[in-house]
>>> print(open('start-v7.txt').read())   # compact mmCIF, C-alpha atoms
# COMPACT_ATOMS: atom_id res chain seq x y z
CA MET A 97 -38.71 -44.77 38.94
CA ILE A 98 -34.99 -45.47 38.81
CA TYR A 99 -35.23 -45.79 35.03
CA PHE A 100 -37.01 -42.44 34.87
CA LEU A 101 -34.33 -40.75 37.03
CA ASN A 102 -31.55 -42.22 34.89
CA PHE A 103 -33.37 -41.05 31.76
CA CYS A 104 -33.74 -37.52 33.20
CA SER A 105 -30.10 -37.46 34.30
CA LYS A 106 -29.02 -38.52 30.82
CA LYS A 107 -31.19 -35.82 29.27
CA ILE A 108 -29.85 -33.18 31.64
CA LEU A 109 -26.27 -34.26 30.84
CA GLN A 110 -26.98 -34.15 27.09
CA ASN A 111 -28.56 -30.69 27.37
CA THR A 112 -25.68 -29.46 29.50
CA LEU A 113 -23.12 -30.73 27.00
CA ARG A 114 -25.14 -29.23 24.14
CA ASP A 115 -25.37 -25.86 25.90
CA LYS A 116 -21.66 -25.98 26.70
CA CYS A 117 -20.81 -26.73 23.08
CA MET A 118 -23.07 -23.92 21.88
CA LEU A 119 -21.47 -21.53 24.35
CA GLN A 120 -17.99 -22.48 23.14
CA PHE A 121 -19.16 -22.15 19.53
CA ASN A 122 -20.60 -18.68 20.18
CA ARG A 123 -17.45 -17.62 21.99
CA SER A 124 -15.45 -18.82 19.00
CA ILE A 125 -17.58 -16.70 16.68
CA LYS A 126 -17.19 -13.66 18.93
CA ARG A 127 -13.44 -14.13 19.01
CA ASN A 128 -13.36 -14.01 15.22
CA GLU A 129 -15.68 -11.02 15.00
CA ALA A 130 -13.96 -7.67 15.24
CA ILE A 131 -14.39 -3.99 14.51
CA ILE A 132 -11.01 -2.32 14.12
CA LEU A 133 -10.27 1.41 14.04
CA GLY A 134 -7.19 2.20 11.95
CA ILE A 135 -5.03 5.33 12.12
CA GLU A 136 -2.60 6.41 9.38
CA THR A 137 -0.16 9.34 9.74
CA SER A 138 3.04 8.00 8.17
CA CYS A 139 3.59 10.96 5.85
CA ASP A 140 1.31 13.83 4.79
CA ASP A 141 -2.09 12.10 4.92
CA THR A 142 -4.13 12.02 8.12
CA ALA A 143 -6.61 9.17 7.85
CA VAL A 144 -8.89 7.16 10.10
CA GLY A 145 -10.94 4.14 9.04
CA ILE A 146 -13.15 1.53 10.69
CA VAL A 147 -13.58 -1.95 9.19
CA ASN A 148 -15.24 -5.13 10.43
CA SER A 149 -14.18 -8.76 10.01
CA GLU A 150 -15.98 -9.10 6.66
CA GLY A 151 -14.18 -6.10 5.19
CA LYS A 152 -17.21 -3.83 5.44
CA ILE A 153 -16.34 -0.14 5.78
CA LEU A 154 -18.12 1.26 8.83
CA GLY A 155 -16.53 4.70 8.89
CA TYR A 156 -13.86 6.74 7.13
CA ALA A 157 -12.28 10.19 7.21
CA HIS A 158 -9.24 11.54 5.40
CA ARG A 159 -7.36 14.80 5.04
CA SER A 160 -4.49 15.38 2.62
CA GLN A 161 -1.76 17.97 3.03
CA GLU A 162 -0.45 17.65 -0.52
CA LEU A 163 -1.63 20.97 -1.94
CA LEU A 164 -0.08 22.85 0.99
CA HIS A 165 3.29 21.08 0.75
CA ILE A 166 3.45 21.78 -2.98
CA LYS A 167 4.04 25.44 -2.08
CA TYR A 168 7.22 24.40 -0.25
CA GLY A 169 8.43 22.16 -3.06
CA GLY A 170 8.26 19.12 -0.80
CA ILE A 171 7.10 17.82 2.57
CA ILE A 172 8.31 19.78 5.61
CA PRO A 173 8.21 17.27 8.52
CA ILE A 174 7.51 19.81 11.27
CA VAL A 175 4.66 21.31 9.23
CA ALA A 176 3.22 17.85 8.52
CA GLN A 177 3.36 17.00 12.23
CA GLU A 178 1.45 20.14 13.22
CA LEU A 179 -1.23 19.55 10.59
CA HIS A 180 -1.69 15.98 11.79
CA ARG A 181 -2.11 17.20 15.35
CA LYS A 182 -4.69 19.80 14.39
CA CYS A 183 -7.08 17.43 12.66
CA ILE A 184 -6.62 13.91 14.01
CA THR A 185 -9.13 14.24 16.88
CA GLU A 186 -11.79 15.69 14.58
CA LEU A 187 -11.21 12.98 11.96
CA CYS A 188 -11.51 10.23 14.55
CA GLU A 189 -14.75 11.69 15.91
CA ASN A 190 -16.16 12.07 12.40
CA THR A 191 -15.23 8.48 11.56
CA LEU A 192 -17.02 7.11 14.61
CA LYS A 193 -20.06 9.30 13.92
CA SER A 194 -20.27 8.22 10.28
CA GLY A 195 -20.55 4.61 11.44
CA ASN A 196 -22.91 5.50 14.30
CA LEU A 197 -20.32 4.00 16.64
CA LYS A 198 -18.82 4.77 20.03
CA LEU A 199 -15.34 3.91 21.22
CA ARG A 200 -16.86 1.10 23.31
CA ASP A 201 -18.00 -0.58 20.06
CA ILE A 202 -14.42 -0.82 18.77
CA THR A 203 -12.60 -4.12 19.32
CA ALA A 204 -9.04 -2.80 18.95
CA ILE A 205 -6.99 0.17 17.73
CA ALA A 206 -4.55 -0.34 14.83
CA THR A 207 -1.97 2.36 14.08
CA THR A 208 0.88 2.79 11.59
CA VAL A 209 4.20 2.83 13.45
CA LYS A 210 6.63 2.15 10.56
CA PRO A 211 8.05 3.15 8.15
CA GLY A 212 7.52 6.88 7.59
CA LEU A 213 8.36 10.37 8.81
CA PRO A 214 9.06 10.05 12.57
CA LEU A 215 7.34 13.31 13.51
CA SER A 216 4.22 12.26 11.60
CA LEU A 217 4.27 8.70 12.93
CA TYR A 218 4.45 9.89 16.54
CA VAL A 219 1.21 11.84 16.16
CA GLY A 220 -0.68 8.71 15.11
CA LEU A 221 1.07 6.48 17.65
CA ASN A 222 0.42 8.80 20.60
CA PHE A 223 -3.22 9.27 19.60
CA GLY A 224 -3.76 5.56 19.03
CA VAL A 225 -2.17 4.59 22.34
CA ARG A 226 -4.30 7.19 24.14
CA LEU A 227 -7.47 5.77 22.56
CA SER A 228 -6.37 2.30 23.61
CA GLU A 229 -5.79 3.46 27.16
CA VAL A 230 -9.05 5.43 27.50
CA GLY A 231 -11.19 2.73 25.90
CA LYS A 232 -9.26 -0.17 27.46
CA LYS A 233 -8.78 -1.62 23.98
CA PRO A 234 -6.02 -3.86 22.57
CA PHE A 235 -3.47 -2.08 20.38
CA ILE A 236 -2.10 -3.37 17.06
CA PRO A 237 1.11 -1.77 15.67
CA ILE A 238 1.00 -1.77 11.86
CA HIS A 239 3.74 -1.87 9.20
CA HIS A 240 2.64 0.58 6.50
CA MET A 241 3.88 -1.55 3.58
CA GLU A 242 2.31 -4.73 4.94
CA ALA A 243 -1.00 -2.87 5.04
CA HIS A 244 -0.61 -1.86 1.37
CA ALA A 245 0.29 -5.45 0.46
CA LEU A 246 -2.76 -6.99 2.15
CA VAL A 247 -5.51 -4.44 1.48
CA ALA A 248 -6.60 -6.04 -1.83
CA ARG A 249 -7.89 -8.97 0.26
CA MET A 250 -10.43 -6.61 1.81
CA THR A 251 -12.43 -6.31 -1.41
CA GLN A 252 -11.33 -9.25 -3.60
CA GLN A 253 -10.62 -12.97 -3.35
CA VAL A 254 -6.84 -13.13 -3.07
CA ASP A 255 -5.47 -16.31 -1.53
CA PHE A 256 -1.96 -16.78 -0.17
CA PRO A 257 0.63 -16.90 -1.58
CA TYR A 258 0.61 -14.13 -4.19
CA LEU A 259 2.93 -11.55 -5.75
CA VAL A 260 2.63 -7.88 -4.83
CA LEU A 261 4.12 -4.76 -6.44
CA LEU A 262 3.98 -1.69 -4.22
CA ILE A 263 4.60 1.59 -6.03
CA SER A 264 4.16 4.95 -4.37
CA GLY A 265 5.80 8.28 -3.62
CA GLY A 266 7.92 6.84 -0.86
CA HIS A 267 8.36 3.17 -1.79
CA CYS A 268 8.85 0.72 -4.61
CA LEU A 269 9.17 -3.00 -3.96
CA ILE A 270 8.08 -6.38 -5.20
CA ALA A 271 7.50 -9.31 -2.86
CA ILE A 272 5.82 -12.66 -2.38
CA VAL A 273 3.12 -12.53 0.29
CA GLU A 274 3.14 -15.93 2.02
CA ASN A 275 0.64 -15.06 4.76
CA VAL A 276 -0.42 -12.18 7.02
CA THR A 277 3.04 -11.82 8.59
CA THR A 278 5.45 -13.50 6.15
CA PHE A 279 6.84 -11.66 3.12
CA ARG A 280 9.69 -12.52 0.71
CA LEU A 281 11.27 -9.35 -0.65
CA LEU A 282 12.37 -9.90 -4.27
CA GLY A 283 13.37 -6.35 -5.12
CA HIS A 284 13.20 -2.73 -3.98
CA SER A 285 14.21 0.72 -5.13
CA ILE A 286 17.85 1.47 -4.42
CA ASP A 287 17.25 5.22 -4.64
CA THR A 288 14.17 7.22 -5.65
CA ALA A 289 10.60 5.91 -5.59
CA PRO A 290 8.53 6.22 -8.82
CA GLY A 291 5.96 8.51 -7.22
CA GLU A 292 8.69 10.91 -6.13
CA ALA A 293 10.13 10.91 -9.66
CA PHE A 294 6.69 11.75 -11.09
CA ASP A 295 6.14 14.51 -8.53
CA LYS A 296 9.53 16.17 -9.04
CA ILE A 297 9.30 16.18 -12.82
CA ALA A 298 5.68 17.37 -12.84
CA ARG A 299 6.70 20.28 -10.62
CA ARG A 300 9.76 21.05 -12.74
CA LEU A 301 7.56 21.09 -15.84
CA LYS A 302 5.30 23.58 -13.99
CA LEU A 303 2.17 21.60 -14.85
CA LYS A 304 0.35 23.37 -12.02
CA ASN A 305 0.53 26.57 -14.07
CA MET A 306 -1.74 25.01 -16.68
CA PRO A 307 -5.48 25.55 -15.96
CA ASP A 308 -6.39 21.87 -16.52
CA PHE A 309 -3.98 20.72 -13.82
CA LYS A 310 -4.41 23.43 -11.23
CA ASN A 311 -6.25 21.20 -8.75
CA CYS A 312 -4.61 17.89 -9.68
CA SER A 313 -1.94 16.07 -7.74
CA SER A 314 1.43 16.08 -9.49
CA GLY A 315 1.21 12.41 -10.44
CA ALA A 316 -2.31 12.74 -11.81
CA ALA A 317 -1.35 15.86 -13.78
CA LEU A 318 1.56 14.07 -15.44
CA GLU A 319 -0.61 11.07 -16.34
CA ILE A 320 -3.32 13.25 -17.92
CA ALA A 321 -0.73 15.29 -19.80
CA ALA A 322 0.85 12.07 -21.09
CA SER A 323 -2.53 10.85 -22.37
CA ARG A 324 -2.65 13.89 -24.69
CA ALA A 325 0.67 13.12 -26.38
CA ASP A 326 1.14 12.63 -30.12
CA ILE A 327 4.43 10.73 -29.88
CA SER A 328 5.01 9.04 -26.55
CA SER A 329 8.56 7.96 -27.42
CA LYS A 330 9.80 11.30 -28.76
CA PHE A 331 12.15 11.82 -25.79
CA SER A 332 14.50 9.04 -24.82
CA PHE A 333 15.66 7.92 -21.39
CA GLN A 334 18.18 5.16 -20.83
CA GLU A 335 16.76 2.30 -18.78
CA PRO A 336 18.63 1.78 -15.49
CA LEU A 337 20.17 -1.42 -14.09
CA THR A 338 20.10 -3.26 -17.42
CA HIS A 339 23.34 -5.11 -16.55
CA TYR A 340 21.94 -6.42 -13.27
CA ARG A 341 19.80 -9.56 -13.45
CA ASP A 342 17.83 -8.81 -10.32
CA CYS A 343 14.48 -7.24 -9.42
CA ASN A 344 15.72 -4.02 -7.83
CA PHE A 345 14.50 -0.68 -9.11
CA SER A 346 16.18 2.66 -9.76
CA PHE A 347 14.47 5.88 -10.83
CA ALA A 348 17.02 8.53 -9.82
CA GLY A 349 18.88 8.37 -13.14
CA THR A 350 15.70 8.68 -15.20
CA LYS A 351 14.60 11.62 -13.05
CA SER A 352 17.97 13.37 -13.42
CA SER A 353 17.98 12.80 -17.17
CA ALA A 354 14.49 14.28 -17.44
CA TYR A 355 15.49 17.26 -15.33
CA ASN A 356 18.54 17.96 -17.52
CA GLN A 357 16.51 17.61 -20.73
CA ILE A 358 13.98 20.11 -19.39
CA LEU A 359 16.76 22.59 -18.66
CA SER A 360 18.19 22.14 -22.14
CA TYR A 361 14.77 22.47 -23.75
CA GLU A 362 14.02 25.64 -21.82
CA LYS A 363 17.34 27.11 -22.91
CA ASP A 364 16.80 26.24 -26.57
CA PHE A 365 13.31 27.75 -26.64
CA ASP A 366 14.03 30.63 -24.24
CA ILE A 367 11.47 29.39 -21.69
CA THR A 368 11.56 31.52 -18.54
CA GLY A 369 9.39 32.20 -15.50
CA ASP A 370 6.02 30.46 -15.50
CA LYS A 371 6.15 29.53 -19.19
CA ILE A 372 5.71 25.87 -20.21
CA ILE A 373 7.89 24.01 -22.69
CA PRO A 374 6.10 23.64 -26.07
CA ASP A 375 6.23 19.83 -26.20
CA VAL A 376 5.16 19.14 -22.63
CA TYR A 377 2.59 16.41 -23.44
CA ASN A 378 5.08 14.32 -25.42
CA PHE A 379 7.69 14.85 -22.73
CA CYS A 380 5.32 13.58 -20.01
CA ALA A 381 4.39 10.55 -22.12
CA SER A 382 8.03 9.69 -22.80
CA PHE A 383 8.93 10.01 -19.13
CA GLN A 384 5.94 7.92 -18.05
CA LEU A 385 6.84 5.26 -20.64
CA ALA A 386 10.41 5.04 -19.32
CA ILE A 387 9.23 4.57 -15.73
CA THR A 388 6.64 2.01 -16.83
CA ARG A 389 9.08 -0.09 -18.85
CA HIS A 390 11.44 -0.33 -15.91
CA LEU A 391 8.62 -1.41 -13.61
CA CYS A 392 7.42 -3.98 -16.13
CA HIS A 393 10.86 -5.45 -16.80
CA ARG A 394 11.63 -5.99 -13.12
CA THR A 395 8.16 -7.44 -12.55
CA GLN A 396 8.59 -9.82 -15.50
CA ARG A 397 11.83 -11.13 -14.02
CA ALA A 398 10.13 -11.64 -10.65
CA ILE A 399 7.37 -13.69 -12.30
CA GLU A 400 9.89 -15.78 -14.23
CA PHE A 401 11.81 -16.37 -10.98
CA ILE A 402 8.61 -17.55 -9.30
CA ASP A 403 7.84 -19.87 -12.21
CA LYS A 404 11.35 -21.29 -12.28
CA LEU A 405 11.23 -22.24 -8.59
CA ASN A 406 7.49 -23.04 -8.58
CA LEU A 407 6.87 -20.67 -5.65
CA ILE A 408 3.19 -19.95 -6.34
CA PRO A 409 0.64 -22.62 -7.32
CA LYS A 410 -0.81 -22.38 -10.82
CA ASP A 411 -4.29 -21.61 -9.46
CA ARG A 412 -3.05 -18.65 -7.39
CA ARG A 413 -0.99 -16.77 -9.93
CA ILE A 414 -1.98 -13.24 -8.96
CA LEU A 415 -0.09 -9.95 -9.06
CA VAL A 416 -1.51 -7.30 -6.74
CA VAL A 417 -0.48 -3.75 -7.66
CA SER A 418 -0.95 -1.28 -4.81
CA GLY A 419 0.28 2.10 -3.58
CA GLY A 420 -0.50 5.57 -4.90
CA VAL A 421 1.20 5.05 -8.28
CA ALA A 422 -1.01 1.98 -8.87
CA CYS A 423 -3.76 4.52 -9.68
CA ASN A 424 -1.87 5.35 -12.89
CA ASN A 425 -3.93 3.55 -15.55
CA PHE A 426 -1.17 3.41 -18.16
CA ILE A 427 1.17 1.68 -15.71
CA PHE A 428 -1.55 -0.74 -14.59
CA LYS A 429 -2.52 -1.63 -18.18
CA SER A 430 1.12 -2.23 -19.06
CA LEU A 431 1.58 -4.51 -16.05
CA ASN A 432 -1.61 -6.31 -17.03
CA THR A 433 -0.04 -6.96 -20.46
CA ILE A 434 2.95 -8.58 -18.77
CA CYS A 435 0.72 -10.71 -16.56
CA SER A 436 -1.49 -11.84 -19.45
CA GLU A 437 1.53 -13.04 -21.39
CA LEU A 438 2.88 -14.96 -18.39
CA GLY A 439 -0.36 -16.46 -17.11
CA PHE A 440 -0.88 -14.19 -14.12
CA LYS A 441 -3.99 -12.25 -13.13
CA CYS A 442 -3.27 -8.57 -12.44
CA ILE A 443 -5.48 -6.79 -9.92
CA ARG A 444 -5.40 -3.64 -7.82
CA PRO A 445 -7.48 -2.27 -4.94
CA PRO A 446 -9.96 0.57 -5.59
CA PRO A 447 -8.23 3.99 -5.89
CA ASN A 448 -9.21 5.06 -2.36
CA LEU A 449 -7.45 1.97 -1.00
CA CYS A 450 -4.33 2.34 -3.19
CA THR A 451 -3.25 5.67 -1.72
CA ASP A 452 -2.37 6.04 1.98
CA ASN A 453 -5.56 5.57 4.00
CA GLY A 454 -6.89 4.50 7.37
CA LEU A 455 -8.96 1.64 5.97
CA MET A 456 -5.93 -0.40 4.95
CA ILE A 457 -4.54 0.04 8.47
CA ALA A 458 -7.83 -1.12 9.97
CA TRP A 459 -7.94 -4.11 7.59
CA ASN A 460 -4.39 -5.10 8.50
CA GLY A 461 -5.59 -4.97 12.09
CA ILE A 462 -8.44 -7.33 11.16
CA GLU A 463 -6.03 -9.75 9.48
CA ARG A 464 -3.76 -9.73 12.52
CA TRP A 465 -6.68 -10.04 14.94
CA LYS A 466 -7.95 -13.16 13.17
CA GLU A 467 -4.50 -14.76 13.34
CA SER A 468 -3.67 -13.43 16.86
CA GLN A 469 -0.49 -11.90 15.46
CA GLY A 470 0.98 -8.75 16.99
CA VAL A 471 -2.09 -7.85 19.07
CA LEU A 472 -1.05 -6.17 22.32
CA HIS A 473 -3.43 -6.46 25.29
CA LYS A 474 -1.35 -5.25 28.23
CA GLN A 475 -0.77 -1.54 28.78
CA HIS A 476 2.90 -1.95 29.74
CA ASP A 477 3.49 -3.72 26.36
CA ILE A 478 1.58 -1.01 24.49
CA ALA A 479 3.62 1.70 26.23
CA LYS A 480 6.83 0.18 24.83
CA VAL A 481 5.75 0.56 21.17
CA ASP A 482 7.88 3.06 19.26
CA VAL A 483 8.05 4.34 15.69
CA ASN A 484 10.65 3.34 13.11
CA HIS A 485 11.20 5.60 10.11
CA LYS A 486 12.97 2.82 8.17
CA SER A 487 11.75 -0.75 8.08
CA SER A 488 12.19 -3.29 5.29
CA LEU A 489 9.42 -5.66 4.29
CA GLY A 490 9.88 -9.29 5.29
CA THR A 491 12.84 -11.53 4.49
CA ASP A 492 15.30 -10.27 1.89
CA TRP A 493 15.40 -12.62 -1.11
CA THR A 494 17.12 -10.20 -3.50
CA ASN A 495 20.30 -12.30 -3.49
CA LYS A 496 18.30 -15.38 -4.54
CA ILE A 497 17.15 -13.48 -7.63
CA GLN A 498 20.75 -12.55 -8.46
CA GLU A 499 21.91 -16.14 -7.99
CA GLU A 500 19.36 -17.39 -10.54
CA SER A 501 20.63 -14.77 -13.06
CA ILE A 502 17.49 -14.98 -15.19
CA LYS A 503 17.87 -13.52 -18.67
CA CYS A 504 14.49 -12.32 -19.94
CA LYS A 505 13.10 -11.76 -23.40
CA TRP A 506 11.21 -8.58 -22.64
CA ILE A 507 7.51 -8.43 -23.41
CA LYS A 508 6.77 -5.36 -25.49
CA ILE A 509 4.91 -2.52 -23.80
CA LYS A 510 2.61 -0.58 -26.08
CA ASP A 511 2.96 3.18 -26.41
CA HIS A 512 -0.08 5.42 -26.07
>>> encode(input="start-v7.txt", output="structure tokens")
Amino acid sequence: MIYFLNFCSKKILQNTLRDKCMLQFNRSIKRNEAIILGIETSCDDTAVGIVNSEGKILGYAHRSQELLHIKYGGIIPIVAQELHRKCITELCENTLKSGNLKLRDITAIATTVKPGLPLSLYVGLNFGVRLSEVGKKPFIPIHHMEAHALVARMTQQVDFPYLVLLISGGHCLIAIVENVTTFRLLGHSIDTAPGEAFDKIARRLKLKNMPDFKNCSSGAALEIAASRADISSKFSFQEPLTHYRDCNFSFAGTKSSAYNQILSYEKDFDITGDKIIPDVYNFCASFQLAITRHLCHRTQRAIEFIDKLNLIPKDRRILVVSGGVACNNFIFKSLNTICSELGFKCIRPPPNLCTDNGLMIAWNGIERWKESQGVLHKQHDIAKVDVNHKSSLGTDWTNKIQEESIKCKWIKIKDH
């Protein structure tokens, strides 16, 4: 009898321990599982996305203001703010409906808070905080550029560390991504971003007046026009920063040179009003080639710096190209040429994840949730979150590049 009782007690203890272990295991799984709603309003795109821990898209809605702002010749912050306000509630509702979800199904709210236009950022922040408060959900403040840098991991196998080149209308930088929260900034634009240069020149060339480009974004119009060129090097532009052995970028000089050449060309051919210069395709190709070469040269130096200091293991030599300008196929193919020569793999996210979007914000929230980094649970902490229109990415290593003073033998970039 005593033996039987001891046997039963032992069995009960084993079952209890087993059940306890299973409970802890299940809790561990649940902690790692998450459904994050992401909100993006850093500039002129209002976007909401929902992503789960595996990177599956559960819902998405997006509204661009670009075609409206084109009429003003640029983004008007107060107009952008009002447009965000008008549609953000509807977009959030549509996103939840598309995933057959309710707010109670969401694990946490992730929202862009920096960098960007303050008036635009406040719309997203206030809406995100309100959702967090109403749904009693944790809140995750997101750095816009970190989201761009990490979003490729949502759809592809990209292990840390890796190199990332972010090129868009508002930013241009190259950095080493060590982990979810650690970035080493190797170079950045000291003036104009490449996307802005493309936009300004496309508008100055009046590409929108051509039927083929009427409904295209400025950057897309310039790329298509360039693809129709006969001689892509007909117009010349001096490459900037050639005397500086660093990885910083500059596009203001190239943009100004293009602007002045357009004025001169219009004068020579008596181009007035809505008329287009006669050699517009070759001009677009030459301008695109100049921007591309500069991007490739600075990227090449960054890769050679990484190789010299052995900063990325041989089996993880990946360059991720992200941001709106990453959608430009000529630029991506040229960067791929550089990577192939230097033993790197060049990848980019799908087009809908390259441009500003809510999915990348949601995914950054997933990455942070998994690592318990920057997740705010208490309302008084959430209430203290503010926007920041300027915010650099990670630790500045630009001086380290200069100290190495790497002289490169430039890899040739093919014309069209």
>>> residues_around(input="start-v7.txt", residues="region 418-433 of chain A", least_positions_apart="2", cutoff="7 Å", atoms="all atoms listed in the file", output="list in words")
His244, Ala245, Leu261, Leu262, Ile263, Ser264, Gly265, Gly291, Glu319, Thr388, Cys392, Val416, Cys435, Ser436, Glu437, Cys442, Arg444, Pro445, Pro447, Cys450, Thr451 and Ile509 of chain A
>>> closest_residue(input="start-v7.txt", among="A:Gly224, A:Gly461, A:Pro173, A:Gly283", to="Asn495 (chain A)", atoms="only C-alpha atoms")
A:Gly283
>>> closest_residue(input="start-v7.txt", among="A:Val417, A:Cys139, A:Lys330, A:Leu197", to="Pro446 (chain A)", atoms="only C-alpha atoms")
A:Val417
>>> atom_distance(input="start-v7.txt", atom1="CA of Ile414 (chain A)", atom2="CA of Phe383 (chain A)")
27.6 Å
>>> atom_distance(input="start-v7.txt", atom1="CA of Ala458 (chain A)", atom2="CA of Ala204 (chain A)")
9.2 Å
>>> residues_around(input="start-v7.txt", residues="region 150-158 of chain A", least_positions_apart="2", cutoff="7 Å", atoms="only C-alpha atoms", output="list in words")
Thr142, Ala143, Val144, Gly145, Ile146, Val147, Asn148, Ser160, Leu187, Asn190, Thr191, Leu192, Ser194, Gly195, Met250, Thr251 and Trp459 of chain A
>>> closest_atom_pairs(input="start-v7.txt", of="region 291-346 of chain A", to="region 367-378 of chain A", cutoff="12 Å", atoms="only C-alpha atoms", output="tab-separated table")
residue	atom	partner	partner_atom	distance
A:Ile297	CA	A:Val376	CA	11.1
A:Ala298	CA	A:Val376	CA	10.0
A:Arg299	CA	A:Ile372	CA	11.1
A:Arg300	CA	A:Ile372	CA	9.8
A:Leu301	CA	A:Ile372	CA	6.7
A:Lys302	CA	A:Ile372	CA	6.6
A:Leu303	CA	A:Ile372	CA	7.7
A:Lys304	CA	A:Asp370	CA	9.7
A:Asn305	CA	A:Asp370	CA	6.9
A:Met306	CA	A:Ile372	CA	8.3
A:Pro307	CA	A:Ile372	CA	12.0
A:Ala317	CA	A:Tyr377	CA	10.4
A:Leu318	CA	A:Tyr377	CA	8.4
A:Glu319	CA	A:Tyr377	CA	9.4
A:Ile320	CA	A:Tyr377	CA	8.7
A:Ala321	CA	A:Tyr377	CA	5.1
A:Ala322	CA	A:Tyr377	CA	5.2
A:Ser323	CA	A:Tyr377	CA	7.6
A:Arg324	CA	A:Tyr377	CA	5.9
A:Ala325	CA	A:Asn378	CA	4.7
A:Asp326	CA	A:Asn378	CA	6.4
A:Ile327	CA	A:Asn378	CA	5.8
A:Ser328	CA	A:Asn378	CA	5.4
A:Ser329	CA	A:Asn378	CA	7.5
A:Lys330	CA	A:Asn378	CA	6.5
A:Phe331	CA	A:Asn378	CA	7.5
A:Ser332	CA	A:Asn378	CA	10.8
>>> atom_distance(input="start-v7.txt", atom1="CA of Ala243 (chain A)", atom2="CA of Thr185 (chain A)")
22.3 Å
>>> residues_near_point(input="start-v7.txt", point="(7.5, -11.8, -0.3)", cutoff="9 Å", atoms="all atoms listed in the file", output="PyMOL selection string")
chain A and resi 257-260+270-274+278-282+489-493
>>> closest_residue(input="start-v7.txt", among="A:Lys486, A:Lys310, A:Arg412, A:Lys466", to="Thr277 (chain A)", atoms="only C-alpha atoms")
A:Lys466
>>> residues_around(input="start-v7.txt", residues="Gly439 (chain A)", least_positions_apart="4", cutoff="12 Å", atoms="all atoms listed in the file", output="list in words")
Gln396, Ile399, Glu400, Ile402, Asp403, Ile408, Pro409, Lys410, Asp411, Arg412, Arg413, Ile414, Leu415, Asn432, Thr433, Ile434 and Cys435 of chain A
>>> closest_residue(input="start-v7.txt", among="A:Lys480, A:Asp452, A:Ala398, A:Phe294", to="Ala316 (chain A)", atoms="all atoms listed in the file")
A:Phe294
>>> closest_residue(input="start-v7.txt", among="A:Glu229, A:Arg181, A:Tyr218, A:His393", to="Tyr340 (chain A)", atoms="only C-alpha atoms")
A:His393
>>> closest_residue(input="start-v7.txt", among="A:Asp201, A:Leu217, A:Pro237, A:Thr494", to="Ile286 (chain A)", atoms="all atoms listed in the file")
A:Thr494
>>> decode(input="start-v7.txt", residues="region 309-346 of chain A", atoms="C-alpha atoms", output="compact mmCIF listing (two decimals), in the first residue's frame")
# COMPACT_ATOMS: atom_id res chain seq x y z
CA PHE A 309 4.05 60.20 -68.10
CA LYS A 310 0.84 61.94 -67.13
CA ASN A 311 -0.02 59.48 -64.35
CA CYS A 312 3.53 58.53 -63.36
CA SER A 313 5.42 59.71 -60.31
CA SER A 314 8.29 62.04 -61.16
CA GLY A 315 10.95 59.43 -60.40
CA ALA A 316 9.23 56.75 -62.46
CA ALA A 317 8.74 59.16 -65.37
CA LEU A 318 12.44 60.03 -65.44
CA GLU A 319 13.45 56.36 -65.33
CA ILE A 320 11.13 55.43 -68.22
CA ALA A 321 12.30 58.43 -70.24
CA ALA A 322 15.92 57.44 -69.62
CA SER A 323 15.23 53.90 -70.88
CA ARG A 324 14.30 55.38 -74.28
CA ALA A 325 17.61 57.20 -74.74
CA ASP A 326 19.96 56.72 -77.68
CA ILE A 327 23.08 58.08 -75.97
CA SER A 328 22.95 57.93 -72.19
CA SER A 329 26.21 59.85 -71.75
CA LYS A 330 25.47 62.71 -74.15
CA PHE A 331 25.18 65.25 -71.31
CA SER A 332 27.95 65.44 -68.76
CA PHE A 333 27.76 66.11 -65.03
CA GLN A 334 30.80 66.39 -62.81
CA GLU A 335 30.80 63.79 -60.04
CA PRO A 336 30.74 65.37 -56.56
CA LEU A 337 33.07 64.74 -53.60
CA THR A 338 35.76 63.05 -55.70
CA HIS A 339 38.52 64.50 -53.46
CA TYR A 340 36.97 63.07 -50.30
CA ARG A 341 37.75 59.44 -49.49
CA ASP A 342 34.60 58.84 -47.50
CA CYS A 343 31.13 57.40 -48.09
CA ASN A 344 29.09 60.59 -47.88
CA PHE A 345 26.80 61.57 -50.73
CA SER A 346 26.01 64.86 -52.44
